[in-house]
Each structure stands twice: as C-alpha cells, then as structure tokens.
Amino acid sequence: MKNTFINRNFSMLLLVQTIEQIGDSLILMSLIAWVMGMETGAKTANMTILLFWIGLPIILIGPFSGVIIDLFKRKTLLAVATFSKGVFIFLIFLCVEYRELVPLLYFFVFMKSFSTQFFIPAKSAFVPDLVFDSNLLVRANTLSTTAMIITQITTYAVSGLAIAEFGPKRIMLVSACMYIPAVLIVLMIKSGQVHKKKIIGSLKHITDDLGAGFSFMLKQSKIKFVTRRVFFMMIAVIVFYISLTGGVLEHMLASGGIKLKTIGALGFMQALLGAGLVTGVLVTEKLLKKVDEELLIKYIFPAFGVLIVLLYFFTNYYFLLVCAYFGGMAGVMVLSIAETVIQKETPENMRGRIFSAYYVFRNTGPLIAAVLAGIFIRFMNEEKVMFISGLALVAYGLANLITRKKRKGA
C-alpha cells in the first residue's frame with residue numbers, strides 16, 4: 001500500500017477523486033433535500049424524475065464515451081470533464097436560486113451526468129498509466145476505494161447536518177466551487193500514457209469500435225459475470241432507496257419518536273453505509289484468500305436481500321442503520337472485485353471502451369430502477385416496493401447458487 005501511495009501522480013489522482021467525491025456527494029444530497037422539501041405527494045414522483053435525468057446520459061452517451069476516451073489523452077479528458085461538472089453544478093444552483101429557471105434544472109442535472117460519463121471511465125482507465133506495476137493494481141484500486149469511502153462517510157454525515165442548518169442552495173454553491181482546485185490538480189499530473197494521435201473516423205468506424213468493446217466484454221466470462229451482478233444489484237438498491245426517501249424514512253422517524261430532520265437522518269444512514277464500505281475494503285482481500293470471488297459475490301446477494309426483507313417487518317430507524325452498514329460491506333466487495341477483474345482482463349488499447357461499456361450496464365441500473373419504482377408506486381405503497389427489492393435480491397442470489405450447484409454436480 002505504501003509503494004502505491006508514495007507515487008506522486010497517483011496520489012494527485014486520489015486527491016482529485018476525493019475533491020470531486022465531496023462535490024458530487026454535496027450536490028446529490030442537496031438535490032435530494034430539495035426534492036424532499038416538496039409537498040408529500042410530489043416527493044416520490046420528483047425523486048423518480050431526478051434519478052431519471054441523472055441516468056439518461058448513461059444510455060445516450062455512456063456507450064460512446066469509451067471510444068472517445070481511447071482516442072484522446074485521458075488526462076485532458078479528465079480536466080475537461082471536471083471543469084464541465086463544476087460549471088453545470090453552478091447552473092443547477094442558479095436554477096434553484098431563481099425560481100423562474102427551475103424548469104432548466106433537470107436539463108443541467110442531465111448535463112452534469114453527461115460530463116460524469118467521461119470522468120468515471122477515464123479515471124479508471126487512467127490508473128494503470130500511473131501505477132506501472134500490475135501487481136500493485138489491486139492495492140491501488142483498494143486505496144482508491146478506501147479514499148472514496150472515507151470521503152463518503154465524512155461528506156454524507158456532515159452534509160445532512162449542513163443542509164439542515166444552511167439549506168440546499170448554499171451547499172450547492174459550495175459543491176460547484178470544489179471543482180476549481182480539482183481542475184488545477186489534474187493539469188499537474190504527469191502520466192505514463194503513450195498517446196498516439198488518432199483521427200475520429202466515420203460514424204461506422206465509431207460504432208465498429210463500440211461494438212468491439214461490447215463484444216470483448218461479453219465474450220470474457222469473468223467480466224460478463226461481474227457486470228451482470230453489478231447491473232442487477234444497482235436496480236434493486238436504487239428501487240429500495242427511492243422507496244426509503246419517498247416516505248418510509250419519514251415514517252420510521254415518526255413511529256420511533258426520533259427528533260431528527262429527514263435529511264439529517266439520511267445523512268447519518270449514509271455515514272453508516274460509508275463505515276460498512278470501509279469495513280468491506282478491509283476484509284475483502286482476506287475473504288478472497290479463503291473464498292472464490294464468484295462464490296463470494298453469489299452469497300452476498302441473498303444475504304443482503306434478507307436484511308431488506310427483515311426491514312419491511314421491523315420498520316425501525318436503528319435497524320436501518322445496521323442494514324446500511326452491512327449493505328456498504330456488500331456493495332464494496334462486489335464493486336471492487338468487478339473493477340479489478342476488468343483492469344486485469346482488458347488490453348490497454350481497449351481499456352476506455354471496456355470501462356465505458358461496464359459503466360453503461362452499471363449506471364443504467366438506476367435509470368431502470370427509477371422507471372420501475374415509478375410503476376410500482378402507482379399500485380402499492382413505498383414499504384411494499386422496498387420489500388419487493390429485497391425479495392428480488394434473495395431470489396436472484398438463490399437462483400445463482402442453485403444453478404452453480406447443479407453445474408458442479410453434473
């Protein structure tokens with residue numbers, strides 16, 4: 001871990017990731033608070049709309065971002081994406097500040113997510129350009145995940161209280177300002193990427209490159225395995241989250257006599273989620289020495305699903321915090337294993353495209369979840385929707401385990 005950390009350029013990338021993580025967490029919590037401040041009947045509908053506009057660029061832009069990432073210097077793309085994110089967050093702030101501009105808010109949410117579709121896969125593809133020893137890649141990813149998690153714990157805990165005290169508008173402005181130093185640090189990074197100038201060809205050339213990336217990913221059994229599990233996990237978790245913020249959390253606080261503002265309670269829940277992520281990072285490497293990575297992921301699904309199902313029967317805020325902690329552990333195990341598998345199984349000249357394809361599947365989950373939650377909530381209350389998301393995880397996990405046992409016994 002020390003050898004990875006003392007790499008100056010990788011350390012600067014970690015710093016950029018941390019700054020942007022703070023900015024992203026602040027704007028997300030502020031937007032959630034803005035939605036939760038609406039009338040009771042409008043909360044769930046607007047939360048669904050918000051997640052829809054966040055997720056739409058994933059389908060429209062995500063597949064093509066990898067082709068572009070492989071054409072240009074990753075450092076340049078990171079700088080442009082970082083700058084763009086800061087600008088669009090500032091425009092979101094203006095839309096909230098001046099009510100006549102509110103109709104534009106969702107467009108700028110879309111554009112901020114648009115920029116993110118370039119930043120995230122470019123950052124993941126950039127790591128091997130800074131960490132030259134392939135044996136240190138797992139450590140680098142673990143360190144990156146740990147830094148992200150610690151940032152999440154602090155930011156979510158503090159942002160919930162800060163938003164409750166100062167309001168979402170001021171926190172949005174703080175979020176926008178975070179991207180100024182982030183851009184400057186990106187420009188200071190020196191990478192080992194040997195970039196050959198490439199010309200953007202015809203639309204057919206771009207679609208051929210795109211198809212090659214998806215084809216490679218779907219042919220590699222390990223990459224296909226982790227991508228499919230991450231995709232399903234994201235759908236179930238986001239359906240649960242929409243249900244929770246749509247009314248379940250407020251009911252938990254009221255029934256338990258807990259005198260916390262809803263956004264503050266959500267912040268504490270996010271902090272416990274982050275604590276679970278840290279624990280997951282610490283135990284994942286040890287568990288993988290004893291358990292096969294595919295088997296570990298397969299056991300995670302039914303275990304986490306059972307917790308959500310139990311939460312339906314024991315609607316208690318403190319039990320929710322316990323679920324958030326173990327949910328964080330489960331999530332980081334699946335996600336960190338997935339990223340490491342992709343980095344190891346992908347050739348350098350296709351890395352941008354493969355990560356782009358992976359993030360399309362990973363981030364399309366929230367978009368599909370938003371649509372599903374909107375449909376379910378028309379026919380049942382949020383508590384039942386939450387129960388369905390947990391039951392789906394249990395069923396999917398058990399089906400995978402049964403299938404594996406049959407293949408093994410054959």
# chains A, B, ... in the order shown; residues from 1 in each chain; ligands from 1
call {"tool": "residues_around", "arguments": {"residues": "Pro57 (chain A)", "least_positions_apart": "2", "cutoff": "8 Å", "atoms": "only C-alpha atoms", "output": "list of chain:residue names"}}
result
A:Trp53, A:Ile54, A:Gly55, A:Ile59, A:Leu60, A:Ile61, A:Gly62, A:Phe110, A:Met111, A:Ser113, A:Phe114, A:Gln117
call {"tool": "residues_around", "arguments": {"residues": "region 388-392 of chain A", "least_positions_apart": "4", "cutoff": "9 Å", "atoms": "only C-alpha atoms", "output": "PyMOL selection string"}}
result
chain A and resi 235-240+302+304-310+312+383-384+396-397
call {"tool": "atom_distance", "arguments": {"atom1": "CA of Phe268 (chain A)", "atom2": "CA of Ala330 (chain A)"}}
result
18.5 Å
call {"tool": "closest_residue", "arguments": {"among": "A:Tyr106, A:Arg8, A:Ile258, A:Ala182", "to": "Val80 (chain A)", "atoms": "only C-alpha atoms"}}
result
A:Ala182
call {"tool": "residues_around", "arguments": {"residues": "region 361-378 of chain A", "least_positions_apart": "6", "cutoff": "8 Å", "atoms": "only C-alpha atoms", "output": "PyMOL selection string"}}
result
chain A and resi 44-45+48-49+51-52+54-56+58-59+227-228+230-236+238-239+242-243+385
call {"tool": "closest_residue", "arguments": {"among": "A:Ile185, A:Met47, A:Val158, A:Ile337", "to": "Ile171 (chain A)", "atoms": "only C-alpha atoms"}}
result
A:Val158
call {"tool": "select_by_dssp", "arguments": {"residues": "region 177-318 of chain A", "states": "helix (DSSP H, G or I)", "output": "number ranges by chain"}}
result
A: 177, 179-188, 203-219, 221-256, 262-288, 293-313, 317-318
call {"tool": "residues_around", "arguments": {"residues": "region 253-257 of chain A", "least_positions_apart": "6", "cutoff": "10 Å", "atoms": "only C-alpha atoms", "output": "count of residues only"}}
result
5
call {"tool": "closest_residue", "arguments": {"among": "A:Leu273, A:Ser124, A:Asp129, A:Leu249", "to": "Phe355 (chain A)", "atoms": "only C-alpha atoms"}}
result
A:Ser124
call {"tool": "residues_around", "arguments": {"residues": "region 91-97 of chain A", "least_positions_apart": "3", "cutoff": "8 Å", "atoms": "only C-alpha atoms", "output": "number ranges by chain"}}
result
A: 87-88, 100-105, 108-109, 169, 172-173
call {"tool": "residues_around", "arguments": {"residues": "region 16-32 of chain A", "least_positions_apart": "5", "cutoff": "8 Å", "atoms": "only C-alpha atoms", "output": "count of residues only"}}
result
25
call {"tool": "residues_around", "arguments": {"residues": "Phe326 (chain A)", "least_positions_apart": "6", "cutoff": "12 Å", "atoms": "only C-alpha atoms", "output": "list of chain:residue names"}}
result
A:Met269, A:Gln270, A:Leu272, A:Leu273, A:Gly274, A:Ala275, A:Gly276, A:Leu277, A:Val278, A:Thr279, A:Gly280, A:Ile300, A:Phe301, A:Ala303, A:Phe304, A:Gly305, A:Val306, A:Leu307, A:Ile308, A:Phe319, A:Leu320, A:Val332, A:Met333
